Amino acid sequence: MASYPELQGRVALITGGASGLGLAAARSLAGQGMRVAVADLDAGAAERAAMALGPSGGHLAFSGDVASQGDVHGWVAALLARHGRIDVLINSAGIPDSFLPTVEQDVADFRRLVDVHLTGTYLVTQAVAPTMLQQGRGSVINLSSVAGVLGLARRNAYSAAKAGIGMMTRTMGCEWAARGVRVNAIAPGYMLTPFAQRLIDEGKLDAARLRRRTPAGRLGTAQHVAEAMTFLASDAAAFITGVTLPVDGGYMAWGAASDAYEGPLD
Ligand SMILES: NC(=O)c1ccc[n+]([C@@H]2O[C@H](COP(=O)([O-])OP(=O)(O)OC[C@H]3O[C@@H](n4cnc5c(N)ncnc54)[C@H](O)[C@@H]3O)[C@@H](O)[C@H]2O)c1
């Protein structure tokens, strides 16, 4: 992991920070000396994650729902009361789509997906932005997906929400660029987190097929995404805003009709 000394002592809020990509980001930012608040629907997992970051680092755990404005405002108020600033926000809370054909999809599921991913990202960013703008510095990192860029059947709500996150990243990035607040997104390919492992176990994703479709020939890890998030959080990314960065082993770059990877799958 690269070292970014300027991050020492800064404060991060990470939604969905109790698992997968958010948890890897929490570990990485805490490793740079940041004080990290983990906010998650799973209260116990959030507590365990924050504790594991180290007892003396000023790390915090919050429980609640990113789609609830009341919960979100509570987190931000508590974080400001404790540390008085917020330098980095990572919007990583997320849930998978139903994987049903469009005509069998339930509108309640559609609304919940959009609520958690798109409205949740909006609500948390909107709640944190006044502090970042007042500081004249902040980095927001959203989670898009290959599903927000490429067409995947049976993923209507997830894909629409992720595409919306990509566009919100641009609009907010443009709105705040001159005031020192950057907004970027990462579009992971298929990373082996509990989220992806569940979909593989349920037969909704085929790991071997995905590896053949990925030029790198393997699935990514949460650490790959955490490295990119830490860079975007740092001052090394000072002139980067409004961008959706693929971290996908070349998945989105591939356009041929054949498999992208023909090596062994071990
Ligand atoms: N893992 C991948 O391959 C992959 C690929 C592309 C995009 N993503 C996106 O990255 C993000 C993180 O995914 P992950 O793989 O780490 O998943 P994960 O399931 O490992 O972690 C997601 C976390 O979000 C929390 N969460 C869910 N709904 C919430 C809510 N309403 N409010 C607060 N917390 C909530 C969960 O409790 C969990 O701790 C998601 O937005 C996902 O769509 C993941």
# chains A, B, ... in the order shown; residues from 1 in each chain; ligands from 1
>>> residues_around(residues="Ala207 in chain A", least_positions_apart="4", cutoff="8 Å", atoms="only C-alpha atoms", output="MDAnalysis selection string")
chainID A and resid 200 211 219
>>> residues_near_ligand(ligand="ligand 1", cutoff="8 Å", atoms="only C-alpha atoms and all ligand atoms", output="PDB file with N, CA, C and O atoms, in the first residue's frame")
ATOM      1  N   THR A  15     -19.892   4.412   4.678  1.00  0.00           N
ATOM      2  CA  THR A  15     -21.150   3.654   4.775  1.00  0.00           C
ATOM      3  C   THR A  15     -20.905   2.246   4.224  1.00  0.00           C
ATOM      4  O   THR A  15     -20.085   2.053   3.323  1.00  0.00           O
ATOM      5  N   GLY A  16     -21.606   1.277   4.784  1.00  0.00           N
ATOM      6  CA  GLY A  16     -21.342  -0.108   4.390  1.00  0.00           C
ATOM      7  C   GLY A  16     -19.943  -0.532   4.812  1.00  0.00           C
ATOM      8  O   GLY A  16     -19.374  -1.485   4.258  1.00  0.00           O
ATOM      9  N   GLY A  17     -19.405   0.153   5.825  1.00  0.00           N
ATOM     10  CA  GLY A  17     -18.007  -0.077   6.211  1.00  0.00           C
ATOM     11  C   GLY A  17     -17.774  -1.333   7.025  1.00  0.00           C
ATOM     12  O   GLY A  17     -16.637  -1.640   7.382  1.00  0.00           O
ATOM     13  N   ALA A  18     -18.843  -2.091   7.306  1.00  0.00           N
ATOM     14  CA  ALA A  18     -18.696  -3.293   8.123  1.00  0.00           C
ATOM     15  C   ALA A  18     -18.331  -4.524   7.307  1.00  0.00           C
ATOM     16  O   ALA A  18     -18.049  -5.586   7.874  1.00  0.00           O
ATOM     17  N   SER A  19     -18.326  -4.419   5.973  1.00  0.00           N
ATOM     18  CA  SER A  19     -18.089  -5.612   5.150  1.00  0.00           C
ATOM     19  C   SER A  19     -17.443  -5.225   3.819  1.00  0.00           C
ATOM     20  O   SER A  19     -17.536  -4.072   3.381  1.00  0.00           O
ATOM     21  N   GLY A  20     -16.824  -6.194   3.210  1.00  0.00           N
ATOM     22  CA  GLY A  20     -16.377  -6.104   1.821  1.00  0.00           C
ATOM     23  C   GLY A  20     -15.513  -4.905   1.499  1.00  0.00           C
ATOM     24  O   GLY A  20     -14.483  -4.648   2.149  1.00  0.00           O
ATOM     25  N   LEU A  21     -15.924  -4.156   0.472  1.00  0.00           N
ATOM     26  CA  LEU A  21     -15.111  -3.043  -0.027  1.00  0.00           C
ATOM     27  C   LEU A  21     -15.015  -1.922   1.007  1.00  0.00           C
ATOM     28  O   LEU A  21     -13.957  -1.304   1.167  1.00  0.00           O
ATOM     29  N   GLY A  22     -16.134  -1.647   1.705  1.00  0.00           N
ATOM     30  CA  GLY A  22     -16.123  -0.597   2.726  1.00  0.00           C
ATOM     31  C   GLY A  22     -15.190  -0.950   3.875  1.00  0.00           C
ATOM     32  O   GLY A  22     -14.458  -0.095   4.387  1.00  0.00           O
ATOM     33  N   LEU A  23     -15.204  -2.213   4.280  1.00  0.00           N
ATOM     34  CA  LEU A  23     -14.336  -2.660   5.377  1.00  0.00           C
ATOM     35  C   LEU A  23     -12.861  -2.582   4.960  1.00  0.00           C
ATOM     36  O   LEU A  23     -12.002  -2.140   5.736  1.00  0.00           O
ATOM     37  N   ALA A  39     -20.327   3.199   9.281  1.00  0.00           N
ATOM     38  CA  ALA A  39     -21.792   3.293   9.389  1.00  0.00           C
ATOM     39  C   ALA A  39     -22.405   2.151   8.598  1.00  0.00           C
ATOM     40  O   ALA A  39     -22.089   1.979   7.417  1.00  0.00           O
ATOM     41  N   ASP A  40     -23.260   1.358   9.251  1.00  0.00           N
ATOM     42  CA  ASP A  40     -23.775   0.167   8.575  1.00  0.00           C
ATOM     43  C   ASP A  40     -25.130  -0.216   9.152  1.00  0.00           C
ATOM     44  O   ASP A  40     -25.428   0.036  10.318  1.00  0.00           O
ATOM     45  N   LEU A  41     -25.936  -0.868   8.315  1.00  0.00           N
ATOM     46  CA  LEU A  41     -27.229  -1.402   8.742  1.00  0.00           C
ATOM     47  C   LEU A  41     -27.043  -2.463   9.829  1.00  0.00           C
ATOM     48  O   LEU A  41     -27.886  -2.630  10.706  1.00  0.00           O
ATOM     49  N   ASP A  42     -25.957  -3.187   9.755  1.00  0.00           N
ATOM     50  CA  ASP A  42     -25.651  -4.260  10.710  1.00  0.00           C
ATOM     51  C   ASP A  42     -24.855  -3.651  11.889  1.00  0.00           C
ATOM     52  O   ASP A  42     -23.639  -3.458  11.800  1.00  0.00           O
ATOM     53  N   ALA A  45     -21.899  -5.776  13.373  1.00  0.00           N
ATOM     54  CA  ALA A  45     -20.746  -5.848  12.466  1.00  0.00           C
ATOM     55  C   ALA A  45     -20.023  -4.503  12.418  1.00  0.00           C
ATOM     56  O   ALA A  45     -18.787  -4.454  12.330  1.00  0.00           O
ATOM     57  N   ALA A  46     -20.782  -3.404  12.495  1.00  0.00           N
ATOM     58  CA  ALA A  46     -20.149  -2.080  12.493  1.00  0.00           C
ATOM     59  C   ALA A  46     -19.285  -1.908  13.743  1.00  0.00           C
ATOM     60  O   ALA A  46     -18.149  -1.423  13.662  1.00  0.00           O
ATOM     61  N   SER A  63     -24.949   2.749  13.537  1.00  0.00           N
ATOM     62  CA  SER A  63     -25.863   1.822  12.863  1.00  0.00           C
ATOM     63  C   SER A  63     -27.041   2.592  12.305  1.00  0.00           C
ATOM     64  O   SER A  63     -27.456   3.610  12.862  1.00  0.00           O
ATOM     65  N   GLY A  64     -27.575   2.095  11.197  1.00  0.00           N
ATOM     66  CA  GLY A  64     -28.732   2.727  10.578  1.00  0.00           C
ATOM     67  C   GLY A  64     -28.738   2.470   9.085  1.00  0.00           C
ATOM     68  O   GLY A  64     -27.939   1.685   8.566  1.00  0.00           O
ATOM     69  N   ASP A  65     -29.662   3.171   8.431  1.00  0.00           N
ATOM     70  CA  ASP A  65     -29.963   2.917   7.024  1.00  0.00           C
ATOM     71  C   ASP A  65     -29.596   4.159   6.205  1.00  0.00           C
ATOM     72  O   ASP A  65     -30.096   5.255   6.499  1.00  0.00           O
ATOM     73  N   VAL A  66     -28.782   3.992   5.164  1.00  0.00           N
ATOM     74  CA  VAL A  66     -28.409   5.142   4.331  1.00  0.00           C
ATOM     75  C   VAL A  66     -29.611   5.773   3.642  1.00  0.00           C
ATOM     76  O   VAL A  66     -29.547   6.925   3.212  1.00  0.00           O
ATOM     77  N   ALA A  67     -30.705   5.010   3.529  1.00  0.00           N
ATOM     78  CA  ALA A  67     -31.895   5.549   2.866  1.00  0.00           C
ATOM     79  C   ALA A  67     -32.778   6.346   3.825  1.00  0.00           C
ATOM     80  O   ALA A  67     -33.822   6.861   3.411  1.00  0.00           O
ATOM     81  N   ASN A  91     -19.141   6.086   0.019  1.00  0.00           N
ATOM     82  CA  ASN A  91     -20.526   5.576  -0.037  1.00  0.00           C
ATOM     83  C   ASN A  91     -20.499   4.146  -0.560  1.00  0.00           C
ATOM     84  O   ASN A  91     -20.625   3.906  -1.762  1.00  0.00           O
ATOM     85  N   SER A  92     -20.335   3.181   0.362  1.00  0.00           N
ATOM     86  CA  SER A  92     -20.171   1.780  -0.074  1.00  0.00           C
ATOM     87  C   SER A  92     -21.341   0.886   0.323  1.00  0.00           C
ATOM     88  O   SER A  92     -21.344  -0.303  -0.011  1.00  0.00           O
ATOM     89  N   ALA A  93     -22.342   1.424   1.036  1.00  0.00           N
ATOM     90  CA  ALA A  93     -23.493   0.584   1.413  1.00  0.00           C
ATOM     91  C   ALA A  93     -24.192   0.105   0.143  1.00  0.00           C
ATOM     92  O   ALA A  93     -24.372   0.872  -0.800  1.00  0.00           O
ATOM     93  N   GLY A  94     -24.561  -1.162   0.114  1.00  0.00           N
ATOM     94  CA  GLY A  94     -25.230  -1.673  -1.090  1.00  0.00           C
ATOM     95  C   GLY A  94     -25.826  -3.039  -0.886  1.00  0.00           C
ATOM     96  O   GLY A  94     -25.442  -3.777   0.026  1.00  0.00           O
ATOM     97  N   ILE A  95     -26.783  -3.352  -1.751  1.00  0.00           N
ATOM     98  CA  ILE A  95     -27.458  -4.659  -1.734  1.00  0.00           C
ATOM     99  C   ILE A  95     -27.586  -5.143  -3.180  1.00  0.00           C
ATOM    100  O   ILE A  95     -27.634  -4.322  -4.096  1.00  0.00           O
ATOM    101  N   PRO A  96     -27.638  -6.474  -3.364  1.00  0.00           N
ATOM    102  CA  PRO A  96     -27.734  -6.972  -4.746  1.00  0.00           C
ATOM    103  C   PRO A  96     -29.164  -6.906  -5.303  1.00  0.00           C
ATOM    104  O   PRO A  96     -30.125  -6.836  -4.538  1.00  0.00           O
ATOM    105  N   VAL A 116     -31.547   2.546  -1.632  1.00  0.00           N
ATOM    106  CA  VAL A 116     -30.289   2.279  -0.911  1.00  0.00           C
ATOM    107  C   VAL A 116     -29.103   2.842  -1.702  1.00  0.00           C
ATOM    108  O   VAL A 116     -28.280   3.589  -1.156  1.00  0.00           O
ATOM    109  N   HIS A 117     -29.012   2.501  -2.979  1.00  0.00           N
ATOM    110  CA  HIS A 117     -27.815   2.881  -3.743  1.00  0.00           C
ATOM    111  C   HIS A 117     -27.823   4.353  -4.134  1.00  0.00           C
ATOM    112  O   HIS A 117     -26.890   5.092  -3.799  1.00  0.00           O
ATOM    113  N   GLY A 120     -29.477   6.812  -1.192  1.00  0.00           N
ATOM    114  CA  GLY A 120     -28.558   6.737  -0.051  1.00  0.00           C
ATOM    115  C   GLY A 120     -27.284   7.523  -0.321  1.00  0.00           C
ATOM    116  O   GLY A 120     -26.826   8.309   0.516  1.00  0.00           O
ATOM    117  N   LEU A 143     -19.578   4.313  -5.054  1.00  0.00           N
ATOM    118  CA  LEU A 143     -19.417   2.983  -5.644  1.00  0.00           C
ATOM    119  C   LEU A 143     -20.399   2.817  -6.797  1.00  0.00           C
ATOM    120  O   LEU A 143     -21.595   2.699  -6.572  1.00  0.00           O
ATOM    121  N   SER A 144     -19.851   2.842  -8.012  1.00  0.00           N
ATOM    122  CA  SER A 144     -20.632   2.454  -9.183  1.00  0.00           C
ATOM    123  C   SER A 144     -20.344   0.970  -9.423  1.00  0.00           C
ATOM    124  O   SER A 144     -20.090   0.225  -8.468  1.00  0.00           O
ATOM    125  N   SER A 145     -20.338   0.527 -10.662  1.00  0.00           N
ATOM    126  CA  SER A 145     -20.139  -0.894 -10.969  1.00  0.00           C
ATOM    127  C   SER A 145     -20.014  -1.024 -12.476  1.00  0.00           C
ATOM    128  O   SER A 145     -20.456  -0.131 -13.218  1.00  0.00           O
ATOM    129  N   VAL A 146     -19.477  -2.152 -12.945  1.00  0.00           N
ATOM    130  CA  VAL A 146     -19.562  -2.422 -14.384  1.00  0.00           C
ATOM    131  C   VAL A 146     -21.032  -2.408 -14.806  1.00  0.00           C
ATOM    132  O   VAL A 146     -21.371  -2.033 -15.932  1.00  0.00           O
ATOM    133  N   ALA A 147     -21.929  -2.768 -13.868  1.00  0.00           N
ATOM    134  CA  ALA A 147     -23.371  -2.788 -14.164  1.00  0.00           C
ATOM    135  C   ALA A 147     -23.930  -1.382 -14.368  1.00  0.00           C
ATOM    136  O   ALA A 147     -25.037  -1.235 -14.880  1.00  0.00           O
ATOM    137  N   TYR A 158     -30.485  -2.271 -10.021  1.00  0.00           N
ATOM    138  CA  TYR A 158     -29.075  -2.109  -9.645  1.00  0.00           C
ATOM    139  C   TYR A 158     -28.337  -1.287 -10.704  1.00  0.00           C
ATOM    140  O   TYR A 158     -27.629  -0.335 -10.391  1.00  0.00           O
ATOM    141  N   LYS A 162     -26.734   2.396 -10.299  1.00  0.00           N
ATOM    142  CA  LYS A 162     -25.281   2.588 -10.450  1.00  0.00           C
ATOM    143  C   LYS A 162     -24.978   3.595 -11.563  1.00  0.00           C
ATOM    144  O   LYS A 162     -24.042   4.396 -11.439  1.00  0.00           O
ATOM    145  N   ALA A 187     -15.770   2.052 -10.266  1.00  0.00           N
ATOM    146  CA  ALA A 187     -16.639   1.027 -10.851  1.00  0.00           C
ATOM    147  C   ALA A 187     -15.904  -0.307 -10.757  1.00  0.00           C
ATOM    148  O   ALA A 187     -15.098  -0.639 -11.641  1.00  0.00           O
ATOM    149  N   PRO A 188     -16.146  -1.055  -9.682  1.00  0.00           N
ATOM    150  CA  PRO A 188     -15.456  -2.353  -9.577  1.00  0.00           C
ATOM    151  C   PRO A 188     -16.018  -3.337 -10.600  1.00  0.00           C
ATOM    152  O   PRO A 188     -17.192  -3.275 -10.964  1.00  0.00           O
ATOM    153  N   GLY A 189     -15.139  -4.229 -11.032  1.00  0.00           N
ATOM    154  CA  GLY A 189     -15.618  -5.392 -11.780  1.00  0.00           C
ATOM    155  C   GLY A 189     -16.140  -6.387 -10.765  1.00  0.00           C
ATOM    156  O   GLY A 189     -16.866  -6.022  -9.837  1.00  0.00           O
ATOM    157  N   TYR A 190     -15.748  -7.641 -10.905  1.00  0.00           N
ATOM    158  CA  TYR A 190     -16.224  -8.658  -9.964  1.00  0.00           C
ATOM    159  C   TYR A 190     -15.134  -8.909  -8.921  1.00  0.00           C
ATOM    160  O   TYR A 190     -14.066  -9.429  -9.231  1.00  0.00           O
ATOM    161  N   MET A 191     -15.424  -8.468  -7.688  1.00  0.00           N
ATOM    162  CA  MET A 191     -14.452  -8.563  -6.611  1.00  0.00           C
ATOM    163  C   MET A 191     -14.960  -9.596  -5.612  1.00  0.00           C
ATOM    164  O   MET A 191     -16.153  -9.604  -5.272  1.00  0.00           O
ATOM    165  N   LEU A 192     -14.061 -10.433  -5.123  1.00  0.00           N
ATOM    166  CA  LEU A 192     -14.503 -11.483  -4.190  1.00  0.00           C
ATOM    167  C   LEU A 192     -14.722 -10.907  -2.792  1.00  0.00           C
ATOM    168  O   LEU A 192     -13.836 -10.915  -1.953  1.00  0.00           O
ATOM    169  N   THR A 193     -15.930 -10.404  -2.562  1.00  0.00           N
ATOM    170  CA  THR A 193     -16.358  -9.913  -1.241  1.00  0.00           C
ATOM    171  C   THR A 193     -17.535 -10.797  -0.819  1.00  0.00           C
ATOM    172  O   THR A 193     -18.048 -11.586  -1.627  1.00  0.00           O
ATOM    173  N   PRO A 194     -18.021 -10.663   0.430  1.00  0.00           N
ATOM    174  CA  PRO A 194     -19.202 -11.432   0.832  1.00  0.00           C
ATOM    175  C   PRO A 194     -20.379 -11.225  -0.123  1.00  0.00           C
ATOM    176  O   PRO A 194     -21.151 -12.151  -0.411  1.00  0.00           O
ATOM    177  N   PHE A 195     -20.518  -9.994  -0.650  1.00  0.00           N
ATOM    178  CA  PHE A 195     -21.582  -9.639  -1.610  1.00  0.00           C
ATOM    179  C   PHE A 195     -21.495 -10.533  -2.853  1.00  0.00           C
ATOM    180  O   PHE A 195     -22.460 -11.184  -3.257  1.00  0.00           O
ATOM    181  N   ALA A 196     -20.313 -10.599  -3.464  1.00  0.00           N
ATOM    182  CA  ALA A 196     -20.129 -11.388  -4.684  1.00  0.00           C
ATOM    183  C   ALA A 196     -20.139 -12.885  -4.379  1.00  0.00           C
ATOM    184  O   ALA A 196     -20.695 -13.687  -5.140  1.00  0.00           O
ATOM    185  N   GLY A 220     -11.246  -9.775  -8.805  1.00  0.00           N
ATOM    186  CA  GLY A 220     -10.471  -8.844  -7.995  1.00  0.00           C
ATOM    187  C   GLY A 220     -10.671  -9.109  -6.513  1.00  0.00           C
ATOM    188  O   GLY A 220     -11.459  -9.971  -6.102  1.00  0.00           O
ATOM    189  N   ALA A 222     -11.046  -7.085  -2.503  1.00  0.00           N
ATOM    190  CA  ALA A 222     -11.426  -5.821  -1.867  1.00  0.00           C
ATOM    191  C   ALA A 222     -10.212  -4.903  -1.753  1.00  0.00           C
ATOM    192  O   ALA A 222     -10.329  -3.678  -1.834  1.00  0.00           O
TER     193      ALA A 222
END
>>> closest_residue(among="A:Gly164, A:Gly242, A:Gly138, A:Pro130", to="Val88 in chain A", atoms="only C-alpha atoms")
A:Gly138
>>> select_by_dssp(residues="range 82-259 of chain A", states="strand (DSSP E or B)", output="list in words")
Val88, Leu89, Ile90, Asn91, Gly138, Ser139, Val140, Ile141, Asn142, Leu143, Val181, Arg182, Val183, Asn184, Ala185, Ile186, Ala187, Pro188, Met191, Gly220, Thr244, Leu245, Pro246 and Val247 of chain A
>>> write_last_selection(atoms="N, CA, C and O atoms", output="compact mmCIF listing (two decimals), in the first residue's frame")
# COMPACT_ATOMS: atom_id res chain seq x y z
N VAL A 88 -13.22 12.74 4.33
CA VAL A 88 -13.43 11.72 3.30
C VAL A 88 -14.77 11.03 3.57
O VAL A 88 -15.08 10.70 4.72
N LEU A 89 -15.56 10.86 2.52
CA LEU A 89 -16.79 10.07 2.60
C LEU A 89 -16.71 8.97 1.56
O LEU A 89 -16.45 9.24 0.38
N ILE A 90 -16.93 7.73 1.99
CA ILE A 90 -17.02 6.61 1.04
C ILE A 90 -18.42 6.03 1.14
O ILE A 90 -18.85 5.58 2.21
N ASN A 91 -19.14 6.09 0.02
CA ASN A 91 -20.53 5.58 -0.04
C ASN A 91 -20.50 4.15 -0.56
O ASN A 91 -20.62 3.91 -1.76
N GLY A 138 -12.36 18.20 0.75
CA GLY A 138 -13.08 16.96 0.99
C GLY A 138 -12.98 16.06 -0.22
O GLY A 138 -12.81 16.53 -1.35
N SER A 139 -13.08 14.76 0.04
CA SER A 139 -13.08 13.78 -1.06
C SER A 139 -14.22 12.81 -0.83
O SER A 139 -14.28 12.14 0.20
N VAL A 140 -15.14 12.78 -1.79
CA VAL A 140 -16.26 11.83 -1.75
C VAL A 140 -15.97 10.73 -2.76
O VAL A 140 -15.60 11.02 -3.91
N ILE A 141 -16.13 9.47 -2.33
CA ILE A 141 -15.88 8.34 -3.23
C ILE A 141 -17.12 7.46 -3.25
O ILE A 141 -17.53 6.91 -2.22
N ASN A 142 -17.74 7.38 -4.42
CA ASN A 142 -18.96 6.60 -4.59
C ASN A 142 -18.66 5.23 -5.19
O ASN A 142 -17.61 5.05 -5.81
N LEU A 143 -19.58 4.31 -5.05
CA LEU A 143 -19.42 2.98 -5.64
C LEU A 143 -20.40 2.82 -6.80
O LEU A 143 -21.59 2.70 -6.57
N VAL A 181 -13.72 20.49 -2.99
CA VAL A 181 -14.38 19.20 -2.68
C VAL A 181 -14.47 18.38 -3.96
O VAL A 181 -15.10 18.78 -4.93
N ARG A 182 -13.83 17.21 -3.93
CA ARG A 182 -13.80 16.33 -5.10
C ARG A 182 -14.80 15.18 -4.93
O ARG A 182 -15.00 14.70 -3.81
N VAL A 183 -15.42 14.79 -6.03
CA VAL A 183 -16.37 13.68 -6.00
C VAL A 183 -16.01 12.73 -7.13
O VAL A 183 -16.04 13.11 -8.30
N ASN A 184 -15.64 11.52 -6.77
CA ASN A 184 -15.28 10.51 -7.76
C ASN A 184 -16.00 9.20 -7.45
O ASN A 184 -16.53 9.03 -6.34
N ALA A 185 -16.02 8.32 -8.42
CA ALA A 185 -16.61 6.99 -8.20
C ALA A 185 -15.62 5.93 -8.65
O ALA A 185 -14.76 6.18 -9.49
N ILE A 186 -15.79 4.76 -8.08
CA ILE A 186 -15.06 3.58 -8.55
C ILE A 186 -16.08 2.60 -9.11
O ILE A 186 -17.15 2.41 -8.51
N ALA A 187 -15.77 2.05 -10.27
CA ALA A 187 -16.64 1.03 -10.85
C ALA A 187 -15.90 -0.31 -10.76
O ALA A 187 -15.10 -0.64 -11.64
N PRO A 188 -16.15 -1.06 -9.68
CA PRO A 188 -15.46 -2.35 -9.58
C PRO A 188 -16.02 -3.34 -10.60
O PRO A 188 -17.19 -3.27 -10.96
N MET A 191 -15.42 -8.47 -7.69
CA MET A 191 -14.45 -8.56 -6.61
C MET A 191 -14.96 -9.60 -5.61
O MET A 191 -16.15 -9.60 -5.27
N GLY A 220 -11.25 -9.78 -8.81
CA GLY A 220 -10.47 -8.84 -8.00
C GLY A 220 -10.67 -9.11 -6.51
O GLY A 220 -11.46 -9.97 -6.10
N THR A 244 -15.40 8.36 -13.01
CA THR A 244 -15.72 6.99 -12.57
C THR A 244 -14.57 6.10 -13.03
O THR A 244 -14.37 5.89 -14.23
N LEU A 245 -13.81 5.60 -12.07
CA LEU A 245 -12.59 4.84 -12.36
C LEU A 245 -12.88 3.34 -12.32
O LEU A 245 -13.25 2.81 -11.28
N PRO A 246 -12.73 2.65 -13.44
CA PRO A 246 -12.90 1.19 -13.40
C PRO A 246 -11.76 0.54 -12.62
O PRO A 246 -10.60 0.90 -12.79
N VAL A 247 -12.10 -0.39 -11.75
CA VAL A 247 -11.10 -1.25 -11.08
C VAL A 247 -11.59 -2.66 -11.35
O VAL A 247 -12.33 -3.25 -10.57
>>> atom_distance(atom1="CA of Trp75 in chain A", atom2="CA of Phe62 in chain A")
6.4 Å
>>> atom_distance(atom1="CA of Arg179 in chain A", atom2="CA of Leu133 in chain A")
6.3 Å
